[in-house]
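> As input, take run14.csv (CSV, C-alpha atoms and all ligand atoms):
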```
chain,number,residue,atom,x,y,z
L,119,MET,CA,0.0,0.0,0.0
L,120,SER,CA,1.4,3.4,-0.9
L,121,LYS,CA,1.8,6.2,1.6
L,122,PRO,CA,-0.9,8.8,2.1
L,123,VAL,CA,-0.4,12.2,0.4
L,124,ALA,CA,-1.1,15.6,1.8
L,125,ILE,CA,-1.0,19.1,0.2
L,126,ILE,CA,-0.4,22.0,2.6
L,127,THR,CA,-0.8,25.5,1.1
L,128,GLY,CA,1.2,28.1,2.9
L,129,GLY,CA,3.3,25.2,4.3
L,130,ALA,CA,6.6,27.1,4.2
L,131,SER,CA,6.0,29.1,7.3
L,132,GLY,CA,4.1,29.4,10.6
L,133,ILE,CA,1.1,27.2,11.2
L,134,GLY,CA,1.3,25.5,7.8
L,135,LEU,CA,5.0,24.6,8.4
L,136,ALA,CA,4.1,23.0,11.8
L,137,VAL,CA,1.3,20.9,10.2
L,138,THR,CA,3.6,19.9,7.3
L,139,THR,CA,6.2,18.6,9.7
L,140,HIS,CA,3.6,16.8,11.8
L,141,LEU,CA,2.0,15.0,8.8
L,142,HIS,CA,5.4,14.0,7.6
L,143,LYS,CA,6.2,12.5,11.0
L,144,LEU,CA,2.9,10.6,10.8
L,145,GLY,CA,4.1,9.0,7.5
L,146,TYR,CA,2.5,11.3,4.9
L,147,ARG,CA,4.2,12.3,1.7
L,148,VAL,CA,3.8,16.1,1.9
L,149,VAL,CA,3.6,18.7,-0.8
L,150,ILE,CA,4.0,22.4,0.0
L,151,PHE,CA,2.4,25.1,-2.2
L,152,ASP,CA,3.8,28.5,-1.2
L,153,LEU,CA,5.0,31.7,-2.7
L,154,ASN,CA,8.2,31.6,-0.6
L,155,SER,CA,10.6,29.5,-2.6
L,156,GLU,CA,13.6,29.8,-0.3
L,157,ALA,CA,11.7,28.7,2.8
L,158,GLY,CA,9.8,26.0,0.9
L,159,HIS,CA,13.0,24.4,-0.5
L,160,GLU,CA,14.7,24.7,2.9
L,161,THR,CA,11.7,22.9,4.5
L,162,VAL,CA,11.6,20.0,2.0
L,163,SER,CA,15.3,19.5,2.1
L,164,SER,CA,15.2,19.3,5.9
L,165,LEU,CA,12.4,16.8,5.8
L,166,GLY,CA,14.4,14.7,3.3
L,167,VAL,CA,12.4,12.0,1.5
L,168,ASP,CA,8.7,12.2,0.8
L,169,ALA,CA,8.5,16.0,0.6
L,170,LEU,CA,8.0,18.2,-2.4
L,171,PHE,CA,7.8,22.0,-2.8
L,172,ILE,CA,5.9,23.6,-5.7
L,173,ARG,CA,6.1,27.3,-5.9
L,174,THR,CA,2.5,28.3,-6.3
L,175,ASP,CA,0.4,31.5,-6.0
L,176,VAL,CA,-2.8,29.9,-4.9
L,177,SER,CA,-4.8,33.0,-5.8
L,178,ASP,CA,-4.0,32.2,-9.5
L,179,TYR,CA,-6.3,29.4,-10.5
L,180,THR,CA,-4.1,28.1,-13.3
L,181,GLN,CA,-1.1,27.9,-11.0
L,182,GLN,CA,-3.0,26.1,-8.3
L,183,ALA,CA,-4.6,23.7,-10.7
L,184,ARG,CA,-1.3,22.8,-12.3
L,185,SER,CA,0.3,22.3,-8.8
L,186,PHE,CA,-2.6,19.9,-7.7
L,187,LYS,CA,-2.0,17.9,-10.9
L,188,GLN,CA,1.8,17.7,-10.2
L,189,ALA,CA,1.3,16.8,-6.6
L,190,PHE,CA,-1.2,14.1,-7.5
L,191,GLU,CA,1.1,12.5,-10.0
L,192,TRP,CA,4.1,12.8,-7.7
L,193,GLY,CA,2.1,11.1,-5.0
L,194,GLY,CA,1.5,8.1,-7.2
L,195,ASN,CA,-2.0,9.2,-8.3
L,196,ARG,CA,-3.1,9.6,-4.7
L,197,LEU,CA,-4.4,12.5,-2.6
L,198,ASP,CA,-5.7,12.0,1.0
L,199,PHE,CA,-5.4,15.4,2.8
L,200,CYS,CA,-5.3,19.1,2.0
L,201,HIS,CA,-4.9,21.8,4.5
L,202,ALA,CA,-5.4,25.3,3.1
L,203,TYR,CA,-3.3,27.6,5.2
L,204,ALA,CA,-2.0,30.3,2.8
L,205,GLY,CA,-3.3,33.6,4.1
L,206,ILE,CA,-2.6,37.3,4.3
L,207,ASP,CA,-3.9,40.2,6.2
L,208,ASP,CA,-5.6,43.4,4.7
L,209,ARG,CA,-3.9,45.3,1.9
L,210,GLN,CA,-6.4,48.0,1.2
L,211,SER,CA,-5.2,51.6,1.3
L,212,LEU,CA,-7.2,54.1,3.3
L,213,GLY,CA,-7.5,56.4,0.3
L,214,VAL,CA,-11.0,57.4,-0.6
L,215,GLY,CA,-12.4,57.1,-4.1
L,216,LYS,CA,-9.9,54.5,-5.3
L,217,GLU,CA,-10.5,50.9,-6.1
L,218,ILE,CA,-9.2,49.0,-3.1
L,219,ASN,CA,-6.9,46.0,-3.2
L,220,THR,CA,-9.0,42.9,-2.4
L,221,LYS,CA,-6.1,40.4,-2.6
L,222,THR,CA,-7.0,39.2,0.9
L,223,LEU,CA,-10.3,37.9,-0.3
L,224,ASP,CA,-8.6,36.2,-3.3
L,225,VAL,CA,-6.0,34.4,-1.2
L,226,ASN,CA,-8.0,33.7,2.0
L,227,LEU,CA,-11.3,32.8,0.5
L,228,GLU,CA,-11.5,32.4,-3.3
L,229,ALA,CA,-8.3,30.3,-3.5
L,230,VAL,CA,-9.7,28.0,-0.8
L,231,VAL,CA,-13.0,27.5,-2.6
L,232,GLN,CA,-11.0,26.6,-5.8
L,233,GLY,CA,-8.7,24.4,-3.8
L,234,LEU,CA,-11.6,22.5,-2.3
L,235,TRP,CA,-13.1,21.7,-5.7
L,236,LEU,CA,-9.6,20.8,-7.0
L,237,PHE,CA,-9.2,18.5,-4.0
L,238,LYS,CA,-12.5,16.8,-4.7
L,239,TYR,CA,-11.5,16.3,-8.3
L,240,TYR,CA,-8.3,14.5,-7.4
L,241,ALA,CA,-9.6,12.7,-4.3
L,242,ARG,CA,-12.3,11.1,-6.5
L,243,ARG,CA,-9.5,9.8,-8.8
L,244,SER,CA,-7.2,8.6,-6.1
L,245,GLU,CA,-5.9,5.1,-5.8
L,246,GLY,CA,-8.2,3.2,-3.4
L,247,VAL,CA,-11.0,5.8,-3.6
L,248,GLY,CA,-14.0,4.8,-1.5
L,249,GLU,CA,-11.9,2.7,0.9
L,250,ARG,CA,-10.9,5.6,3.1
L,251,VAL,CA,-12.0,9.1,3.9
L,252,ALA,CA,-10.2,12.1,2.2
L,253,ARG,CA,-9.8,15.2,4.4
L,254,PHE,CA,-9.9,18.9,3.6
L,255,VAL,CA,-9.1,21.4,6.4
L,256,ALA,CA,-9.5,25.1,5.8
L,257,THR,CA,-8.1,27.9,7.9
L,258,SER,CA,-10.5,30.5,9.4
L,259,SER,CA,-9.5,32.5,12.4
L,260,ALA,CA,-11.0,33.8,15.7
L,261,ALA,CA,-11.8,36.8,13.4
L,262,GLY,CA,-14.2,34.5,11.6
L,263,LEU,CA,-16.2,34.0,14.8
L,264,TYR,CA,-15.8,37.5,16.3
L,265,SER,CA,-14.3,40.3,14.3
L,266,MET,CA,-11.1,42.1,13.7
L,267,PRO,CA,-11.9,45.8,13.1
L,268,THR,CA,-8.4,46.6,11.9
L,269,ASN,CA,-8.8,44.0,9.1
L,270,PRO,CA,-12.4,44.0,7.7
L,271,GLN,CA,-11.5,42.0,4.5
L,272,TYR,CA,-9.7,39.5,6.6
L,273,THR,CA,-12.7,39.2,8.9
L,274,ALA,CA,-15.0,38.8,5.9
L,275,SER,CA,-12.8,36.1,4.3
L,276,LYS,CA,-12.6,34.2,7.5
L,277,TYR,CA,-16.4,34.3,8.1
L,278,GLY,CA,-16.6,33.0,4.5
L,279,ILE,CA,-14.5,30.0,5.4
L,280,VAL,CA,-16.8,29.2,8.3
L,281,GLY,CA,-19.8,29.3,6.0
L,282,LEU,CA,-18.1,27.3,3.3
L,283,THR,CA,-17.2,24.6,5.9
L,284,ARG,CA,-20.7,24.3,7.3
L,285,ALA,CA,-22.4,24.2,3.9
L,286,ALA,CA,-19.9,22.0,2.1
L,287,GLY,CA,-19.1,19.6,5.0
L,288,PRO,CA,-22.3,17.5,4.9
L,289,VAL,CA,-22.5,17.5,1.1
L,290,PHE,CA,-18.9,16.5,0.4
L,291,ALA,CA,-19.2,13.7,3.1
L,292,LYS,CA,-21.6,11.9,0.8
L,293,GLU,CA,-18.4,11.3,-1.4
L,294,SER,CA,-16.3,10.3,1.7
L,295,ILE,CA,-14.6,13.8,1.7
L,296,THR,CA,-14.7,15.6,5.1
L,297,VAL,CA,-14.4,19.4,5.2
L,298,ASN,CA,-13.6,21.1,8.5
L,299,CYS,CA,-12.0,24.4,9.6
L,300,ILE,CA,-9.9,25.8,12.4
L,301,CYS,CA,-10.3,29.2,14.0
L,302,PRO,CA,-7.0,30.0,15.8
L,303,GLY,CA,-6.6,32.9,18.2
L,304,VAL,CA,-3.2,34.7,18.1
L,305,ILE,CA,-0.3,32.4,17.2
L,306,ALA,CA,3.3,33.7,17.0
L,307,THR,CA,4.1,33.4,13.2
L,308,ASN,CA,5.4,35.6,10.4
L,309,LEU,CA,1.9,36.8,9.7
L,310,CYS,CA,2.0,39.2,12.7
L,311,PRO,CA,5.0,41.6,12.7
L,312,PRO,CA,7.2,41.0,15.9
L,313,GLU,CA,6.6,44.6,17.1
L,314,ILE,CA,2.8,43.9,17.1
L,315,LEU,CA,3.2,40.4,18.6
L,316,GLN,CA,5.2,41.7,21.5
L,317,CYS,CA,2.3,43.9,22.6
L,318,PHE,CA,0.2,40.8,23.4
L,319,PRO,CA,0.7,39.3,26.9
L,320,LYS,CA,2.2,35.8,26.5
L,321,GLU,CA,-0.8,34.1,28.2
L,322,HIS,CA,-3.0,35.2,25.2
L,323,ILE,CA,-0.8,33.5,22.6
L,324,THR,CA,-2.0,30.2,21.4
L,325,PRO,CA,0.7,27.5,21.0
L,326,LEU,CA,1.2,25.7,17.7
L,327,SER,CA,0.6,22.4,19.7
L,328,THR,CA,-3.1,23.4,19.9
L,329,VAL,CA,-3.3,23.4,16.0
L,330,ILE,CA,-1.8,19.9,16.0
L,331,LYS,CA,-4.3,18.8,18.6
L,332,ALA,CA,-7.1,19.8,16.2
L,333,ILE,CA,-5.5,18.1,13.2
L,334,ASP,CA,-5.1,14.9,15.3
L,335,ALA,CA,-8.8,15.1,16.2
L,336,PHE,CA,-9.8,15.4,12.5
L,337,LEU,CA,-7.5,12.5,11.6
L,338,GLY,CA,-8.9,10.3,14.4
L,339,ASP,CA,-12.5,10.5,13.4
L,340,ASP,CA,-13.8,9.8,9.9
L,341,GLY,CA,-17.3,11.1,10.8
L,342,MET,CA,-16.2,14.7,11.6
L,343,THR,CA,-17.3,17.0,8.8
L,344,GLY,CA,-18.7,20.5,8.6
L,345,LEU,CA,-17.1,21.4,11.9
L,346,VAL,CA,-15.7,24.7,13.0
L,347,VAL,CA,-13.1,24.5,15.7
L,348,GLU,CA,-11.9,27.4,17.8
L,349,LEU,CA,-8.3,27.2,19.0
L,350,SER,CA,-7.5,29.2,22.1
L,351,GLN,CA,-4.6,28.6,24.4
L,352,GLU,CA,-4.6,24.8,25.0
L,353,ASN,CA,-8.2,24.4,24.1
L,354,ILE,CA,-9.9,23.1,21.0
L,355,CYS,CA,-13.5,24.0,21.1
L,356,PHE,CA,-16.2,22.9,18.6
L,357,ARG,CA,-18.4,25.9,17.8
L,358,ASP,CA,-22.1,25.4,16.8
L,359,MET,CA,-24.0,27.5,14.3
L,360,VAL,CA,-26.1,30.2,15.9
L,361,GLU,CA,-29.6,29.0,16.9
L,362,GLY,CA,-32.6,30.0,14.7
L,363,ALA,CA,-34.1,33.3,16.0
L,364,ASN,CA,-37.6,32.0,16.1
L,365,GLU,CA,-39.6,28.9,15.2
L,366,SER,CA,-39.7,29.9,11.5
L,367,GLN,CA,-35.9,30.1,11.3
L,368,LYS,CA,-35.6,26.8,13.1
L,369,TRP,CA,-38.0,25.2,10.6
L,370,LEU,CA,-36.2,26.8,7.6
L,371,GLY,CA,-32.9,25.5,9.0
L,372,THR,CA,-34.0,21.9,8.8
L,373,LYS,CA,-37.0,21.5,6.5
L,374,GLY,CA,-36.0,24.4,4.3
L,375,ASP,CA,-32.8,22.6,3.4
L,376,GLU,CA,-34.8,19.6,2.0
L,377,ILE,CA,-36.8,22.0,-0.2
L,378,TRP,CA,-33.6,23.7,-1.5
L,379,ASP,CA,-32.1,20.3,-2.2
L,380,LYS,CA,-35.1,19.2,-4.3
L,381,ALA,CA,-35.5,22.6,-6.0
L,382,TYR,CA,-31.8,22.8,-7.0
L,383,GLU,CA,-31.8,19.2,-8.3
L,384,SER,CA,-34.6,20.0,-10.7
L,385,VAL,CA,-33.1,23.3,-11.7
L,386,ALA,CA,-29.7,21.6,-12.3
L,387,GLU,CA,-31.4,18.9,-14.4
L,388,ARG,CA,-33.3,21.5,-16.5
L,389,LYS,CA,-30.2,23.7,-17.0
L,390,GLY,CA,-27.8,20.8,-17.4
L,391,TYR,CA,-25.3,21.9,-14.7
L,401,LIG,N1,-0.9,33.6,13.2
L,401,LIG,C1,-2.1,33.8,13.7
L,401,LIG,O1,-2.3,34.4,14.7
L,401,LIG,C2,-3.3,33.3,13.0
L,401,LIG,C3,-4.5,33.3,13.6
L,401,LIG,C4,-5.7,32.9,13.0
L,401,LIG,C5,-5.6,32.4,11.7
L,401,LIG,N2,-4.4,32.4,11.0
L,401,LIG,C6,-4.4,32.0,9.7
L,401,LIG,O2,-3.4,30.9,9.5
L,401,LIG,C7,-3.0,30.9,8.2
L,401,LIG,C8,-1.5,30.7,8.2
L,401,LIG,O3,-0.9,31.9,8.7
L,401,LIG,P1,0.4,32.0,9.6
L,401,LIG,O4,0.1,32.7,10.8
L,401,LIG,O5,1.0,30.7,9.6
L,401,LIG,O6,1.2,33.0,8.6
L,401,LIG,P2,2.6,33.0,7.9
L,401,LIG,O7,2.7,34.3,7.3
L,401,LIG,O8,3.7,32.5,8.8
L,401,LIG,O9,2.4,31.8,6.8
L,401,LIG,C9,1.5,32.0,5.7
L,401,LIG,C10,2.2,31.4,4.5
L,401,LIG,O10,1.3,31.6,3.3
L,401,LIG,C11,2.1,31.9,2.2
L,401,LIG,N3,1.3,32.6,1.2
L,401,LIG,C12,0.7,33.9,1.3
L,401,LIG,N4,0.1,34.2,0.2
L,401,LIG,C13,0.2,33.1,-0.6
L,401,LIG,C14,-0.3,32.8,-1.9
L,401,LIG,N5,-1.0,33.7,-2.7
L,401,LIG,N6,0.0,31.6,-2.5
L,401,LIG,C15,0.7,30.7,-1.8
L,401,LIG,N7,1.2,30.9,-0.5
L,401,LIG,C16,0.9,32.1,0.0
L,401,LIG,C17,3.2,32.8,2.8
L,401,LIG,O11,4.3,32.8,1.9
L,401,LIG,C18,3.5,32.1,4.1
L,401,LIG,O12,4.5,31.0,3.9
L,401,LIG,C19,-3.5,32.1,7.5
L,401,LIG,O13,-4.7,31.7,6.7
L,401,LIG,C20,-3.9,33.0,8.6
L,401,LIG,O14,-5.0,33.8,8.3
L,401,LIG,C21,-3.3,32.9,11.6
```
Any chance you could give the structure as structure tokens?
Ligand SMILES: NC(=O)c1ccc[n+]([C@@H]2O[C@H](COP(=O)([O-])OP(=O)(O)OC[C@H]3O[C@@H](n4cnc5c(N)ncnc54)[C@H](O)[C@@H]3O)[C@@H](O)[C@H]2O)c1

Amino acid sequence: MSKPVAIITGGASGIGLAVTTHLHKLGYRVVIFDLNSEAGHETVSSLGVDALFIRTDVSDYTQQARSFKQAFEWGGNRLDFCHAYAGIDDRQSLGVGKEINTKTLDVNLEAVVQGLWLFKYYARRSEGVGERVARFVATSSAAGLYSMPTNPQYTASKYGIVGLTRAAGPVFAKESITVNCICPGVIATNLCPPEILQCFPKEHITPLSTVIKAIDAFLGDDGMTGLVVELSQENICFRDMVEGANESQKWLGTKGDEIWDKAYESVAERKGY
């Protein structure tokens, strides 16, 4: 039996690097997609065998699609796990009357949506498909549960990841693909400049070991899907969706979904989607 294969976007630094190293230790063949070639090459050469770096800008669909294909073939036509970590903070200028830079949405949200569908495409074609669960983990943030007023686009992108996870999780599970996301608090990485990081009291910094705890929880349970996990200090905390505001919303949240399913099926048939 061949070894399982994992793609980690943003795996050259911070949280992604910690997860890459962890999965490699667990016996995965790991493929890093990242913009940072120097750190990416350094990481794979320190891991030795069973590690590949592919320079990829995940916000460019053509590049990400090409890298998925390369990773799948390198892994022996197999793909078991993808963790989408690549992320940036806000880049908009405060100038009024100018089109703002929305790169944060491209990298943190759109690239993850594209990555999820690319993952599904290759997981369906993997050696031994149907015999085991394939896992996709997206990266939201505490900002995707609360808010980060200094970074409104970042906040919007991370709320988007929570919504994507909750909606896609149960649907993808029908094809033995689980979709979950993590929402870390502040973790000491390159995302946050050192001068900002040092303003936070140490007790409010979440250790990387809490991320690994969440990854191990996902790996240990094939039934987990559509779950949103907040990571704070040593705790991993599964967060439920908000409750319906009244009986009507509660009804729509259950029976309404059955109606949407049927309605969309017939529309899809009619329009040939
Ligand atoms: N560090 C935190 O406090 C924290 C908290 C919550 C969520 N997160 C999320 O965790 C994820 C990882 O962040 P981190 O803290 O490890 O930061 P990091 O800056 O250390 O790592 C991010 C990596 O993503 C790569 N990257 C950026 N844009 C890319 C692109 N277009 N294509 C490919 N790679 C790209 C960078 O080169 C870098 O290696 C992000 O999605 C971030 O929003 C971080």
> Please return as a PyMOL selection string the residues found within 9 Å of ligand LIG 401 (chain L), counting only C-alpha atoms and all ligand atoms.
chain L and resi 127-136+150-155+157-158+173-178+182+202-207+221-222+224-226+229+256-262+272+276+300-310+323-324+349
> Between atom CA of Gly194 of chain L and atom CA of Val162 of chain L, measure the distance and give it in Å to one decimal.
18.1 Å
> In Å, how far is it from atom CA of Thr268 of chain L to atom CA of Arg357 of chain L?
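One can read the atom CA of Thr268 of chain L to atom CA of Arg357 of chain L distance as 23.7 Å.
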> Measuring between all atoms listed in the file, which one of L:Cys200, L:Ile125, L:Ala189, L:Leu170 shows the shortest distance to Val255 of chain L?
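Ranking L:Cys200, L:Ile125, L:Ala189, L:Leu170 by distance to Val255 of chain L, first place goes to L:Cys200.
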> Using all atoms listed in the file, which of the listed residues (L:Glu160, L:Arg209, L:Ala381, L:Val297) sits closest to Phe336 of chain L?
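Ranking L:Glu160, L:Arg209, L:Ala381, L:Val297 by distance to Phe336 of chain L, first place goes to L:Val297.
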> Would you list the contacts of Asp358 of chain L as a PyMOL selection string, taking every protein, DNA or RNA residue within 12 Å and counting all atoms listed in the file, but skipping same-chain residues closer than 6 positions in sequence?
chain L and resi 263+280-281+283-284+344-348
> Quick one: of L:Lys373, L:Lys380, L:Lys238, L:His322, who's nearest to Phe186 of chain L, counting all atoms listed in the file?
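Checking each candidate against Phe186 of chain L, we get L:Lys238 as the closest.
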> Just how far from atom CA of Thr343 of chain L is atom CA of Pro288 of chain L, in Å to one decimal?
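Between these atoms lies a distance of 6.4 Å.
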> Between L:Asp340, L:Glu245, L:Glu228, L:Glu156, which is the closest to Gly193 of chain L once you count only C-alpha atoms?
L:Glu245
> Quick one: residues within 10 Å of Ser327 of chain L, all atoms listed in the file counted, chain neighbours fewer than 5 positions away excluded, as a list in words?
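The filter keeps Ile133, Ala136, Val137, Ala332, Ile333, Gln351 and Glu352 of chain L.
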> Go through L:Leu370, L:Ile295, L:Val148, L:Ala241 and flag the residue nearest Ser163 of chain L, using all atoms listed in the file for the distances.
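Ranking L:Leu370, L:Ile295, L:Val148, L:Ala241 by distance to Ser163 of chain L, first place goes to L:Val148.
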> When you count all atoms listed in the file, which of these residues is closest to Leu165 of chain L: L:Ser265, L:Ser185, L:Thr138, L:Gln210?
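The answer is L:Thr138, which sits nearest to Leu165 of chain L.
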> Once you've located segment 252-265 of chain L in the structure I gave, write it as a PDB file, in the first residue's frame, keeping N, CA, C and O atoms.

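File produced: selection-v5.pdb:
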```pdb
ATOM      1  N   ALA L 252     -11.160  11.056   2.558  1.00  0.00           N
ATOM      2  CA  ALA L 252     -10.195  12.099   2.220  1.00  0.00           C
ATOM      3  C   ALA L 252     -10.582  13.340   3.034  1.00  0.00           C
ATOM      4  O   ALA L 252     -11.769  13.600   3.249  1.00  0.00           O
ATOM      5  N   ARG L 253      -9.566  14.105   3.468  1.00  0.00           N
ATOM      6  CA  ARG L 253      -9.844  15.204   4.406  1.00  0.00           C
ATOM      7  C   ARG L 253      -9.354  16.550   3.889  1.00  0.00           C
ATOM      8  O   ARG L 253      -8.185  16.667   3.510  1.00  0.00           O
ATOM      9  N   PHE L 254     -10.260  17.545   3.954  1.00  0.00           N
ATOM     10  CA  PHE L 254      -9.892  18.915   3.610  1.00  0.00           C
ATOM     11  C   PHE L 254     -10.068  19.759   4.868  1.00  0.00           C
ATOM     12  O   PHE L 254     -11.134  19.718   5.505  1.00  0.00           O
ATOM     13  N   VAL L 255      -9.038  20.500   5.228  1.00  0.00           N
ATOM     14  CA  VAL L 255      -9.141  21.397   6.388  1.00  0.00           C
ATOM     15  C   VAL L 255      -8.837  22.822   5.894  1.00  0.00           C
ATOM     16  O   VAL L 255      -7.813  23.054   5.239  1.00  0.00           O
ATOM     17  N   ALA L 256      -9.744  23.739   6.179  1.00  0.00           N
ATOM     18  CA  ALA L 256      -9.538  25.135   5.787  1.00  0.00           C
ATOM     19  C   ALA L 256      -9.133  25.933   7.030  1.00  0.00           C
ATOM     20  O   ALA L 256      -9.368  25.498   8.159  1.00  0.00           O
ATOM     21  N   THR L 257      -8.549  27.102   6.785  1.00  0.00           N
ATOM     22  CA  THR L 257      -8.103  27.920   7.920  1.00  0.00           C
ATOM     23  C   THR L 257      -8.932  29.191   8.009  1.00  0.00           C
ATOM     24  O   THR L 257      -8.835  30.067   7.157  1.00  0.00           O
ATOM     25  N   SER L 258      -9.759  29.229   9.038  1.00  0.00           N
ATOM     26  CA  SER L 258     -10.455  30.477   9.357  1.00  0.00           C
ATOM     27  C   SER L 258      -9.618  31.171  10.436  1.00  0.00           C
ATOM     28  O   SER L 258      -8.378  31.140  10.392  1.00  0.00           O
ATOM     29  N   SER L 259     -10.254  31.729  11.416  1.00  0.00           N
ATOM     30  CA  SER L 259      -9.539  32.490  12.450  1.00  0.00           C
ATOM     31  C   SER L 259     -10.569  32.828  13.535  1.00  0.00           C
ATOM     32  O   SER L 259     -11.785  32.753  13.286  1.00  0.00           O
ATOM     33  N   ALA L 260     -10.066  33.254  14.696  1.00  0.00           N
ATOM     34  CA  ALA L 260     -11.002  33.792  15.689  1.00  0.00           C
ATOM     35  C   ALA L 260     -11.749  34.981  15.072  1.00  0.00           C
ATOM     36  O   ALA L 260     -12.905  35.254  15.418  1.00  0.00           O
ATOM     37  N   ALA L 261     -11.096  35.648  14.087  1.00  0.00           N
ATOM     38  CA  ALA L 261     -11.752  36.771  13.397  1.00  0.00           C
ATOM     39  C   ALA L 261     -12.959  36.303  12.591  1.00  0.00           C
ATOM     40  O   ALA L 261     -13.820  37.111  12.238  1.00  0.00           O
ATOM     41  N   GLY L 262     -13.039  35.017  12.295  1.00  0.00           N
ATOM     42  CA  GLY L 262     -14.185  34.459  11.571  1.00  0.00           C
ATOM     43  C   GLY L 262     -15.333  34.087  12.486  1.00  0.00           C
ATOM     44  O   GLY L 262     -16.400  33.653  12.028  1.00  0.00           O
ATOM     45  N   LEU L 263     -15.119  34.265  13.798  1.00  0.00           N
ATOM     46  CA  LEU L 263     -16.190  33.998  14.772  1.00  0.00           C
ATOM     47  C   LEU L 263     -16.595  35.295  15.474  1.00  0.00           C
ATOM     48  O   LEU L 263     -17.735  35.474  15.882  1.00  0.00           O
ATOM     49  N   TYR L 264     -15.596  36.171  15.663  1.00  0.00           N
ATOM     50  CA  TYR L 264     -15.836  37.461  16.324  1.00  0.00           C
ATOM     51  C   TYR L 264     -15.635  38.531  15.239  1.00  0.00           C
ATOM     52  O   TYR L 264     -16.295  38.464  14.225  1.00  0.00           O
ATOM     53  N   SER L 265     -14.695  39.446  15.434  1.00  0.00           N
ATOM     54  CA  SER L 265     -14.338  40.334  14.327  1.00  0.00           C
ATOM     55  C   SER L 265     -12.997  40.973  14.625  1.00  0.00           C
ATOM     56  O   SER L 265     -12.535  40.993  15.774  1.00  0.00           O
TER      57      SER L 265
END
```
